[in-house]
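Shown here: coords.cif, mmCIF, C-alpha atoms.
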```
data_query
#
loop_
_atom_site.label_atom_id
_atom_site.label_comp_id
_atom_site.auth_asym_id
_atom_site.auth_seq_id
_atom_site.Cartn_x
_atom_site.Cartn_y
_atom_site.Cartn_z
CA MET A 1 0.00 0.00 0.00
CA GLU A 2 2.86 2.36 0.76
CA LEU A 3 4.42 1.61 -2.63
CA ALA A 4 1.09 2.20 -4.37
CA ARG A 5 0.66 5.57 -2.60
CA VAL A 6 -2.96 5.05 -1.60
CA THR A 7 -4.53 8.40 -0.66
CA GLY A 8 -8.15 9.18 0.10
CA ALA A 9 -10.58 12.07 0.05
CA VAL A 10 -14.20 12.64 1.12
CA LEU A 11 -16.52 13.05 -1.87
CA ALA A 12 -19.69 13.84 0.01
CA HIS A 13 -21.43 13.79 3.37
CA LEU A 14 -25.03 13.07 2.42
CA VAL A 15 -28.39 13.30 4.18
CA ALA A 16 -30.86 11.56 1.86
CA HIS A 17 -34.63 11.51 2.48
CA GLU A 18 -36.67 8.71 0.90
CA PRO A 19 -37.17 8.14 -1.95
CA TRP A 20 -33.69 8.62 -3.40
CA GLY A 21 -31.09 6.95 -5.61
CA LEU A 22 -27.53 7.77 -6.66
CA ALA A 23 -25.53 6.29 -9.54
CA VAL A 24 -21.74 6.25 -9.17
CA ASP A 25 -19.82 6.05 -12.44
CA PRO A 26 -16.63 3.96 -12.55
CA GLN A 27 -13.49 6.02 -12.01
CA PRO A 28 -9.81 5.11 -11.67
CA GLY A 29 -9.09 4.27 -8.04
CA ALA A 30 -11.29 2.98 -5.24
CA ALA A 31 -14.49 4.14 -3.54
CA PHE A 32 -16.03 3.67 -0.12
CA HIS A 33 -19.39 4.33 1.49
CA ALA A 34 -20.25 4.30 5.20
CA VAL A 35 -23.81 4.29 6.52
CA LEU A 36 -23.78 6.64 9.51
CA ALA A 37 -27.55 6.44 10.16
CA GLY A 38 -30.55 4.83 8.46
CA THR A 39 -30.35 2.16 5.76
CA CYS A 40 -29.84 1.93 2.01
CA TRP A 41 -29.27 -0.52 -0.83
CA LEU A 42 -26.01 -1.04 -2.72
CA HIS A 43 -26.03 -2.59 -6.19
CA ALA A 44 -22.70 -3.38 -7.84
CA ALA A 45 -23.29 -5.74 -10.77
CA PRO A 46 -23.07 -8.65 -11.27
CA ALA A 47 -23.81 -9.16 -7.55
CA SER A 48 -27.39 -8.83 -6.33
CA PRO A 49 -28.42 -5.69 -4.42
CA ARG A 50 -27.46 -5.83 -0.75
CA ARG A 51 -28.95 -3.87 2.11
CA LEU A 52 -26.60 -1.74 4.19
CA MET A 53 -27.42 -1.10 7.83
CA PRO A 54 -26.22 1.59 10.26
CA GLY A 55 -22.48 1.23 10.80
CA ASP A 56 -21.92 -0.83 7.63
CA VAL A 57 -19.00 0.13 5.41
CA VAL A 58 -18.37 -0.89 1.79
CA LEU A 59 -15.05 -0.56 -0.03
CA LEU A 60 -14.97 -0.95 -3.81
CA PRO A 61 -11.24 -1.42 -4.56
CA THR A 62 -11.51 -0.79 -8.30
CA ASN A 63 -14.55 1.52 -8.13
CA LEU A 64 -16.76 -0.41 -10.51
CA ALA A 65 -20.08 1.20 -11.49
CA HIS A 66 -22.61 0.95 -8.66
CA THR A 67 -25.71 2.55 -7.18
CA LEU A 68 -26.90 3.56 -3.70
CA SER A 69 -30.62 3.97 -3.09
CA SER A 70 -33.46 3.89 -0.59
CA THR A 71 -35.00 0.91 -2.43
CA PRO A 72 -33.55 -1.36 -5.13
CA ASP A 73 -35.90 0.10 -7.77
CA ALA A 74 -35.62 3.80 -6.86
CA PRO A 75 -34.91 6.30 -9.69
CA MET A 76 -31.24 7.28 -9.90
CA ALA A 77 -29.43 10.59 -10.20
CA PRO A 78 -25.68 10.88 -10.87
CA LEU A 79 -23.68 11.29 -7.66
CA GLU A 80 -21.33 13.83 -9.25
CA MET A 81 -24.22 16.10 -10.28
CA THR A 82 -25.79 15.76 -6.82
CA ILE A 83 -22.55 16.85 -5.19
CA ARG A 84 -22.35 19.91 -7.45
CA THR A 85 -25.96 21.04 -7.21
CA GLY A 86 -27.32 19.67 -3.93
CA ALA A 87 -28.48 21.93 -1.10
CA ARG A 88 -26.28 22.16 1.99
CA THR A 89 -27.25 21.69 5.60
CA PRO A 90 -25.82 24.05 8.26
CA GLU A 91 -23.13 21.45 9.05
CA GLY A 92 -22.10 21.29 5.39
CA ALA A 93 -23.72 17.98 4.40
CA ILE A 94 -25.51 17.66 1.05
CA GLU A 95 -29.25 17.12 1.57
CA LEU A 96 -31.44 15.18 -0.85
CA PRO A 97 -35.03 16.40 -0.39
CA GLY A 98 -37.89 14.01 0.30
CA GLU A 99 -40.73 13.23 2.69
CA GLY A 100 -39.50 9.88 3.98
CA ALA A 101 -36.95 8.63 6.49
CA ALA A 102 -33.43 9.99 6.28
CA THR A 103 -30.21 8.09 5.67
CA ARG A 104 -26.87 9.67 6.44
CA LEU A 105 -23.94 8.54 4.28
CA LEU A 106 -20.26 9.30 4.03
CA CYS A 107 -18.91 8.74 0.51
CA GLY A 108 -15.25 8.90 -0.38
CA ALA A 109 -12.66 7.92 -2.95
CA TYR A 110 -9.10 6.62 -2.98
CA ASP A 111 -6.49 7.21 -5.61
CA TYR A 112 -3.37 5.10 -6.01
CA ASP A 113 -0.39 4.72 -8.27
CA HIS A 114 -1.66 2.79 -11.29
CA GLU A 115 1.88 2.22 -12.56
CA VAL A 116 2.56 -0.12 -9.65
CA ALA A 117 1.59 -3.65 -10.66
CA HIS A 118 1.15 -4.84 -7.11
CA PRO A 119 -1.69 -7.37 -6.73
CA LEU A 120 -3.19 -6.02 -3.51
CA LEU A 121 -6.20 -4.20 -4.96
CA SER A 122 -6.72 -6.21 -8.13
CA LEU A 123 -7.16 -9.48 -6.22
CA LEU A 124 -9.77 -8.12 -3.84
CA PRO A 125 -13.44 -8.75 -4.68
CA GLY A 126 -15.44 -6.01 -6.39
CA ALA A 127 -17.07 -4.91 -3.12
CA LEU A 128 -15.83 -5.49 0.44
CA HIS A 129 -18.85 -5.31 2.73
CA LEU A 130 -17.95 -4.86 6.39
CA THR A 131 -21.03 -5.43 8.55
CA ALA A 132 -21.18 -3.44 11.76
CA GLY A 133 -20.31 -5.57 14.78
CA ALA A 134 -19.25 -8.58 12.71
CA THR A 135 -15.73 -8.66 14.14
CA PRO A 136 -13.85 -7.05 17.04
CA ASP A 137 -11.55 -5.48 14.43
CA ASP A 138 -14.31 -3.19 13.19
CA GLY A 139 -14.20 -1.26 16.47
CA ALA A 140 -11.34 0.72 14.97
CA VAL A 141 -13.47 1.43 11.89
CA VAL A 142 -16.37 2.66 14.06
CA THR A 143 -14.05 4.93 16.04
CA THR A 144 -12.51 6.42 12.90
CA LEU A 145 -15.94 7.07 11.40
CA ARG A 146 -16.97 8.93 14.55
CA LEU A 147 -13.85 11.05 14.37
CA LEU A 148 -14.57 11.78 10.71
CA GLN A 149 -18.08 12.95 11.58
CA LEU A 150 -16.68 15.29 14.22
CA GLU A 151 -14.07 16.74 11.89
CA LEU A 152 -16.50 17.15 8.99
CA GLY A 153 -19.13 18.91 11.07
CA GLY A 154 -17.01 20.99 13.39
CA GLY A 155 -15.13 23.29 11.01
CA GLU A 156 -12.24 23.50 13.43
CA PRO A 157 -8.75 24.66 12.35
CA GLY A 158 -6.87 21.78 10.71
CA SER A 159 -10.03 19.77 10.03
CA ARG A 160 -9.16 19.27 6.36
CA ALA A 161 -5.77 17.78 7.24
CA ALA A 162 -7.34 15.61 9.95
CA VAL A 163 -10.00 14.28 7.55
CA ALA A 164 -7.38 13.36 4.93
CA ARG A 165 -5.37 11.33 7.43
CA LEU A 166 -8.42 9.64 8.90
CA ILE A 167 -9.59 8.60 5.42
CA ASP A 168 -6.19 7.02 4.71
CA LEU A 169 -6.31 5.20 8.05
CA LEU A 170 -9.84 3.99 7.32
CA PHE A 171 -8.65 2.13 4.21
CA VAL A 172 -6.22 0.03 6.25
CA GLN A 173 -8.80 -0.63 8.95
CA ILE A 174 -11.53 -1.72 6.51
CA VAL A 175 -9.27 -4.22 4.74
CA ARG A 176 -7.89 -5.51 8.04
CA ALA A 177 -11.34 -6.02 9.58
CA TRP A 178 -12.79 -7.55 6.41
CA LEU A 179 -9.93 -10.04 6.19
CA SER A 180 -10.94 -11.65 9.45
CA THR A 181 -14.43 -12.41 8.10
CA ALA A 182 -13.67 -13.18 4.43
CA PRO A 183 -14.58 -16.76 3.37
CA ASP A 184 -11.75 -19.08 2.40
CA GLY A 185 -10.89 -18.79 -1.27
CA GLU A 186 -12.37 -15.30 -1.65
CA VAL A 187 -8.94 -13.66 -1.69
CA SER A 188 -5.53 -14.99 -2.64
CA TRP A 189 -2.66 -12.55 -2.01
CA LEU A 190 -4.17 -11.23 1.22
CA ARG A 191 -5.16 -14.71 2.37
CA ALA A 192 -1.45 -15.55 2.24
CA LEU A 193 -0.88 -13.24 5.20
CA HIS A 194 -2.72 -15.77 7.40
CA ASP A 195 -0.29 -18.55 6.45
CA PRO A 196 2.79 -18.24 8.72
CA VAL A 197 5.18 -19.80 6.19
CA VAL A 198 4.06 -17.73 3.19
CA ALA A 199 3.71 -14.57 5.27
CA ARG A 200 7.31 -14.99 6.45
CA ALA A 201 8.49 -15.55 2.88
CA LEU A 202 6.65 -12.44 1.68
CA ALA A 203 8.14 -10.37 4.50
CA LEU A 204 11.65 -11.49 3.58
CA LEU A 205 11.15 -10.65 -0.10
CA HIS A 206 9.65 -7.25 0.75
CA GLN A 207 12.35 -6.35 3.27
CA GLN A 208 15.36 -7.57 1.29
CA PRO A 209 14.57 -7.35 -2.44
CA GLN A 210 18.26 -6.80 -3.19
CA LYS A 211 19.25 -10.22 -1.84
CA ALA A 212 20.00 -13.00 -4.34
CA TRP A 213 17.06 -15.11 -3.22
CA THR A 214 16.58 -18.66 -4.42
CA VAL A 215 13.71 -20.96 -3.52
CA GLU A 216 16.18 -23.06 -1.53
CA ALA A 217 17.35 -20.05 0.50
CA LEU A 218 13.81 -18.88 1.10
CA ALA A 219 12.72 -22.37 2.15
CA ALA A 220 15.59 -22.56 4.64
CA GLU A 221 14.54 -19.25 6.19
CA THR A 222 10.92 -20.41 6.52
CA HIS A 223 11.89 -23.91 7.77
CA VAL A 224 10.02 -25.92 5.14
CA SER A 225 11.09 -27.90 2.10
CA ARG A 226 11.58 -26.27 -1.26
CA ALA A 227 8.60 -28.17 -2.70
CA ALA A 228 6.33 -27.27 0.23
CA LEU A 229 7.18 -23.56 -0.01
CA THR A 230 6.66 -23.44 -3.76
CA ARG A 231 3.32 -25.25 -3.47
CA ARG A 232 1.95 -23.12 -0.63
CA PHE A 233 3.27 -19.83 -2.01
CA THR A 234 1.92 -20.43 -5.52
CA LYS A 235 -1.49 -21.54 -4.23
CA LEU A 236 -1.99 -18.53 -1.97
CA VAL A 237 -0.18 -15.76 -3.83
CA GLY A 238 -0.96 -16.91 -7.36
CA THR A 239 2.61 -16.96 -8.61
CA PRO A 240 5.86 -18.77 -7.62
CA PRO A 241 8.26 -17.03 -5.19
CA VAL A 242 10.88 -16.06 -7.75
CA SER A 243 8.27 -14.63 -10.14
CA TYR A 244 6.76 -12.64 -7.30
CA LEU A 245 10.21 -11.31 -6.35
CA THR A 246 10.84 -10.14 -9.91
CA ARG A 247 7.53 -8.26 -10.00
CA TRP A 248 8.19 -6.71 -6.60
CA ARG A 249 11.65 -5.58 -7.70
CA MET A 250 10.22 -3.98 -10.84
CA ASP A 251 7.57 -2.14 -8.80
CA ILE A 252 10.24 -0.71 -6.50
CA ALA A 253 12.43 0.23 -9.44
CA ALA A 254 9.54 1.91 -11.25
CA LYS A 255 8.78 4.05 -8.21
CA ARG A 256 12.42 5.14 -7.89
CA LEU A 257 12.65 5.94 -11.58
CA ARG A 258 9.60 8.18 -11.30
CA SER A 259 10.42 9.86 -8.01
CA THR A 260 14.23 10.14 -7.88
CA ASP A 261 17.17 11.12 -10.07
CA ASP A 262 19.20 8.08 -9.02
CA PRO A 263 21.24 6.59 -11.86
CA VAL A 264 19.83 3.43 -13.39
CA ALA A 265 22.87 1.48 -12.19
CA VAL A 266 22.20 2.52 -8.57
CA ILE A 267 18.54 1.48 -8.83
CA ALA A 268 19.54 -1.82 -10.44
CA ASP A 269 21.88 -2.59 -7.54
CA ALA A 270 19.21 -1.65 -4.97
CA VAL A 271 16.82 -4.28 -6.35
CA GLY A 272 19.36 -7.09 -6.67
CA TYR A 273 20.89 -6.73 -10.13
CA THR A 274 24.67 -6.57 -10.37
CA SER A 275 24.44 -5.84 -14.09
CA GLU A 276 22.69 -2.73 -15.41
CA TYR A 277 22.15 -4.58 -18.68
CA ALA A 278 20.37 -7.48 -16.97
CA PHE A 279 18.20 -5.04 -15.02
CA SER A 280 17.28 -3.12 -18.18
CA ARG A 281 16.24 -6.34 -19.91
CA ALA A 282 14.12 -7.41 -16.94
CA PHE A 283 12.52 -3.97 -16.64
CA SER A 284 11.76 -3.83 -20.36
CA ARG A 285 10.02 -7.20 -20.17
CA ALA A 286 7.94 -6.05 -17.19
CA ARG A 287 7.09 -2.49 -18.31
CA GLY A 288 7.41 -2.66 -22.07
CA GLN A 289 10.21 -0.10 -22.28
CA PRO A 290 13.75 0.39 -20.93
CA PRO A 291 14.27 2.24 -17.62
CA GLY A 292 15.52 5.51 -19.11
CA ARG A 293 12.62 5.84 -21.51
CA TYR A 294 10.15 4.89 -18.77
CA ARG A 295 11.52 7.65 -16.53
CA THR A 296 11.26 10.25 -19.27
CA LEU A 297 7.75 9.33 -20.39
CA THR A 298 6.24 9.07 -16.91
CA ARG A 299 7.70 12.40 -15.86
CA THR A 300 6.46 14.05 -19.04
CA ARG A 301 3.00 12.61 -18.45
CA THR A 302 2.97 13.83 -14.85
CA ALA A 303 4.07 17.33 -15.86
CA THR A 304 1.32 17.46 -18.50
CA LEU A 305 -1.37 16.49 -15.99
CA ARG A 306 -0.25 19.25 -13.65
#
```
Go through the file and emit its structure as structure tokens.
Amino acid sequence: MELARVTGAVLAHLVAHEPWGLAVDPQPGAAFHAVLAGTCWLHAAPASPRRLMPGDVVLLPTNLAHTLSSTPDAPMAPLEMTIRTGARTPEGAIELPGEGAATRLLCGAYDYDHEVAHPLLSLLPGALHLTAGATPDDGAVVTTLRLLQLELGGGEPGSRAAVARLIDLLFVQIVRAWLSTAPDGEVSWLRALHDPVVARALALLHQQPQKAWTVEALAAETHVSRAALTRRFTKLVGTPPVSYLTRWRMDIAAKRLRSTDDPVAVIADAVGYTSEYAFSRAFSRARGQPPGRYRTLTRTRTATLR
């Protein structure tokens, strides 16, 4: 997550009176919704609509198209347009007019570095639904949501900075709490963190990417046979240890190429390549272009966006 630079922001604090419906278009990044009071329905195809209760939180890691509504068949309005044109309450929330019961929602978004080919977000299901009270871990989520409500409604000095940091913290807490309730087989890379052997192997690869790891050396460090490590690692992570290490090295190298002026040879050495030529070949296979050209193009693209 640190490598992918996950950062969040509040899109809207909503007070919606029945009947109401909001359509959220797919956007790069992730989205989350927390039900602070009342109830609503979430529909993220192809899954069936699910009812969200007070305290429920949903994280959509790849922000697929979805809707939020008072009933599954309610008419929909675009969320973006509602944010732009909706009336504001004295506390700054956006109010959707109606005669029925009110639901209070907190909607937010997360952006992350799409150049990083790390499997964390792509291997999560389309929607992570964390039910209030389902696990002791969600106590942290509840506490953070309360703090967010206070910061959003108080208008105190520094509230914007506090909200940004709380939103980032919420991402970690949602995934952590959801992991403890996820059915077996629903995730792969994250499920590996519950296996002590594979988790230890992942930690070693993450902490020492520059080391000349072999399956034999990794197996010795995790106190299992070479065959057992390869079998367990591949089953849970989805790729063999050495392939995973290569991808991890390329992710680290890509970040340094984008964010530093370090020579290619220095970056190559930092991720375990004694030969700049060998590193350039590996990077070209992974990213489709040599390191120098990748650095130039990504920086040009970033400067253009600014």
Legend entry - For region 75-78 of chain A: contacts at 12 Å, all atoms listed in the file, fewer than 6 positions along chain excluded, given as a PyMOL selection string: chain A and resi 18-26+43+65-69+84-86+96
Legend entry - Length of the CA of Thr234 (chain A) to CA of Glu221 (chain A) vector [Å]: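 CA of Glu221 (chain A) lies 17.3 Å from CA of Thr234 (chain A).
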Legend entry - Which residue of A:Ala254, A:Ala212, A:Leu152, A:Arg232 approaches Pro90 (chain A) most closely, using all atoms listed in the file: A:Leu152
Inset, instruction - For Thr246 (chain A), work out the shell of residues within 9 Å, counting only C-alpha atoms and skipping chain neighbours fewer than 3 positions away, then give it as a list in words. - result: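 Counting only the stated atoms, we get Pro209, Pro241, Val242, Ser243, Arg249, Met250, Asp251, Ala282 and Ala286 of chain A.
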Inset, instruction - Enter the distance from CA of Gln27 (chain A) to CA of Ile167 (chain A), in Å, rounded to one decimal. - result: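 CA of Ile167 (chain A) lies at a distance of 18.0 Å from CA of Gln27 (chain A).
When all atoms listed in the file are used to measure the gap to Gln208 (chain A), the shortest distance among A:Glu91, A:Arg287, A:Leu245, A:Thr298 belongs to A:Leu245.
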Inset, instruction - For Val15 (chain A), list every protein, DNA or RNA residue within 9 Å, evaluated using all atoms listed in the file, and leave out those in the same chain fewer than 5 positions away; present the list as a PyMOL selection string. - result: chain A and resi 89+93-97+102-105
Selection export as an mmCIF file, in the frame of the given file, atoms kept: C-alpha atoms:
```cif
data_model
loop_
_atom_site.group_PDB
_atom_site.id
_atom_site.type_symbol
_atom_site.label_atom_id
_atom_site.label_comp_id
_atom_site.auth_asym_id
_atom_site.auth_seq_id
_atom_site.Cartn_x
_atom_site.Cartn_y
_atom_site.Cartn_z
ATOM 1 C CA THR A 89 -27.250 21.690 5.600
ATOM 2 C CA ALA A 93 -23.720 17.980 4.400
ATOM 3 C CA ILE A 94 -25.510 17.660 1.050
ATOM 4 C CA GLU A 95 -29.250 17.120 1.570
ATOM 5 C CA LEU A 96 -31.440 15.180 -0.850
ATOM 6 C CA PRO A 97 -35.030 16.400 -0.390
ATOM 7 C CA ALA A 102 -33.430 9.990 6.280
ATOM 8 C CA THR A 103 -30.210 8.090 5.670
ATOM 9 C CA ARG A 104 -26.870 9.670 6.440
ATOM 10 C CA LEU A 105 -23.940 8.540 4.280
#
```
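With CA of Lys211 (chain A) on one side and CA of Ala278 (chain A) on the other, the separation reads 15.4 Å.
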Inset, instruction - Convert the output of the PyMOL selection byres ((chain A and resi 160-163) around 10) on the shown file into explicit residues, formatted as a list in words. - result: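 Output from the PyMOL selection byres ((chain A and resi 160-163) around 10), applied to this file: Gly8, Ala9, Val10, Thr144, Leu147, Leu148, Gln149, Leu150, Glu151, Leu152, Gly155, Glu156, Pro157, Gly158, Ser159, Ala164, Arg165, Leu166, Ile167, Asp168 and Leu169 of chain A.
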6 Å contact set for Leu106 (chain A), all atoms listed in the file, chain neighbours under 4 positions out, as a short mmCIF file (atom, residue, chain, number, x, y, z; two decimals) with C-alpha atoms, in the coordinates of the input:
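Contents of result.cif, freshly written:
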```
data_model
loop_
_atom_site.label_atom_id
_atom_site.label_comp_id
_atom_site.auth_asym_id
_atom_site.auth_seq_id
_atom_site.Cartn_x
_atom_site.Cartn_y
_atom_site.Cartn_z
CA HIS A 13 -21.43 13.79 3.37
CA HIS A 33 -19.39 4.33 1.49
CA ALA A 34 -20.25 4.30 5.20
#
```
Inset, instruction - Using only C-alpha atoms, find all polymer residues with an atom at most 10 Å away from the point (-35.3, -2.7, -4.8); report them as a VMD selection string. - result: chain A and resid 40 to 43 49 to 51 69 to 74
Evaluate the PyMOL selection byres ((chain A and resi 215) around 10) against this structure - the residues, as a tab-separated table (two decimals) with C-alpha atoms, keeping the file's coordinate frame, please.
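Final output, expr.tsv:
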```
chain	number	residue	atom	x	y	z
A	201	ALA	CA	8.49	-15.55	2.88
A	213	TRP	CA	17.06	-15.11	-3.22
A	214	THR	CA	16.58	-18.66	-4.42
A	216	GLU	CA	16.18	-23.06	-1.53
A	217	ALA	CA	17.35	-20.05	0.50
A	218	LEU	CA	13.81	-18.88	1.10
A	219	ALA	CA	12.72	-22.37	2.15
A	220	ALA	CA	15.59	-22.56	4.64
A	221	GLU	CA	14.54	-19.25	6.19
A	225	SER	CA	11.09	-27.90	2.10
A	226	ARG	CA	11.58	-26.27	-1.26
A	227	ALA	CA	8.60	-28.17	-2.70
A	229	LEU	CA	7.18	-23.56	-0.01
A	230	THR	CA	6.66	-23.44	-3.76
A	240	PRO	CA	5.86	-18.77	-7.62
A	241	PRO	CA	8.26	-17.03	-5.19
A	242	VAL	CA	10.88	-16.06	-7.75
```
Legend entry - Nearest to Thr300 (chain A), chosen from A:Arg258, A:Gly126, A:Trp178, A:Gly92, with all atoms listed in the file counted in the distances: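 When distances to Thr300 (chain A) are compared using all atoms listed in the file, the smallest one comes from A:Arg258.
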Reconstruct N, CA and C atoms of region 247-276 of chain A from the incomplete input and present them as a short mmCIF file (atom, residue, chain, number, x, y, z; two decimals), in the coordinates of the input.
```cif
data_model
loop_
_atom_site.label_atom_id
_atom_site.label_comp_id
_atom_site.auth_asym_id
_atom_site.auth_seq_id
_atom_site.Cartn_x
_atom_site.Cartn_y
_atom_site.Cartn_z
N ARG A 247 8.56 -9.31 -9.88
CA ARG A 247 7.53 -8.26 -10.00
C ARG A 247 7.70 -7.21 -8.92
N TRP A 248 7.99 -7.64 -7.70
CA TRP A 248 8.19 -6.71 -6.60
C TRP A 248 9.38 -5.80 -6.87
N ARG A 249 10.47 -6.38 -7.37
CA ARG A 249 11.65 -5.58 -7.70
C ARG A 249 11.32 -4.53 -8.77
N MET A 250 10.55 -4.92 -9.78
CA MET A 250 10.22 -3.98 -10.84
C MET A 250 9.31 -2.86 -10.33
N ASP A 251 8.42 -3.17 -9.39
CA ASP A 251 7.57 -2.14 -8.80
C ASP A 251 8.40 -1.12 -8.03
N ILE A 252 9.36 -1.61 -7.25
CA ILE A 252 10.24 -0.71 -6.50
C ILE A 252 11.06 0.14 -7.45
N ALA A 253 11.61 -0.50 -8.48
CA ALA A 253 12.43 0.23 -9.44
C ALA A 253 11.62 1.29 -10.17
N ALA A 254 10.39 0.95 -10.54
CA ALA A 254 9.54 1.91 -11.25
C ALA A 254 9.28 3.14 -10.38
N LYS A 255 9.02 2.92 -9.11
CA LYS A 255 8.78 4.05 -8.21
C LYS A 255 10.02 4.95 -8.13
N ARG A 256 11.20 4.34 -8.00
CA ARG A 256 12.42 5.14 -7.89
C ARG A 256 12.74 5.87 -9.18
N LEU A 257 12.43 5.26 -10.30
CA LEU A 257 12.65 5.94 -11.58
C LEU A 257 11.75 7.16 -11.72
N ARG A 258 10.53 7.06 -11.21
CA ARG A 258 9.60 8.18 -11.30
C ARG A 258 9.91 9.29 -10.30
N SER A 259 10.36 8.89 -9.10
CA SER A 259 10.42 9.86 -8.01
C SER A 259 11.82 10.32 -7.63
N THR A 260 12.87 9.74 -8.22
CA THR A 260 14.23 10.14 -7.88
C THR A 260 15.04 10.37 -9.15
N ASP A 261 16.23 10.96 -8.97
CA ASP A 261 17.17 11.12 -10.07
C ASP A 261 18.32 10.13 -9.96
N ASP A 262 18.14 9.09 -9.18
CA ASP A 262 19.20 8.08 -9.02
C ASP A 262 19.55 7.47 -10.36
N PRO A 263 20.84 7.26 -10.62
CA PRO A 263 21.24 6.59 -11.86
C PRO A 263 20.63 5.19 -11.96
N VAL A 264 20.42 4.74 -13.18
CA VAL A 264 19.83 3.43 -13.39
C VAL A 264 20.68 2.34 -12.74
N ALA A 265 21.99 2.49 -12.78
CA ALA A 265 22.87 1.48 -12.19
C ALA A 265 22.65 1.38 -10.68
N VAL A 266 22.43 2.51 -10.02
CA VAL A 266 22.20 2.52 -8.57
C VAL A 266 20.87 1.82 -8.25
N ILE A 267 19.84 2.11 -9.04
CA ILE A 267 18.54 1.48 -8.83
C ILE A 267 18.63 -0.02 -9.08
N ALA A 268 19.36 -0.40 -10.13
CA ALA A 268 19.54 -1.82 -10.44
C ALA A 268 20.17 -2.55 -9.26
N ASP A 269 21.20 -1.97 -8.67
CA ASP A 269 21.88 -2.59 -7.54
C ASP A 269 20.95 -2.70 -6.33
N ALA A 270 20.10 -1.68 -6.13
CA ALA A 270 19.21 -1.65 -4.97
C ALA A 270 18.15 -2.73 -5.03
N VAL A 271 17.83 -3.22 -6.23
CA VAL A 271 16.82 -4.28 -6.35
C VAL A 271 17.43 -5.61 -6.76
N GLY A 272 18.75 -5.77 -6.54
CA GLY A 272 19.36 -7.09 -6.67
C GLY A 272 19.98 -7.44 -7.99
N TYR A 273 20.25 -6.45 -8.85
CA TYR A 273 20.89 -6.73 -10.13
C TYR A 273 22.30 -6.16 -10.13
N THR A 274 23.28 -7.03 -10.32
CA THR A 274 24.67 -6.57 -10.37
C THR A 274 25.03 -6.02 -11.74
N SER A 275 24.21 -6.31 -12.73
CA SER A 275 24.44 -5.84 -14.09
C SER A 275 23.31 -4.89 -14.50
N GLU A 276 23.69 -3.68 -14.93
CA GLU A 276 22.69 -2.73 -15.41
C GLU A 276 21.99 -3.27 -16.65
#
```
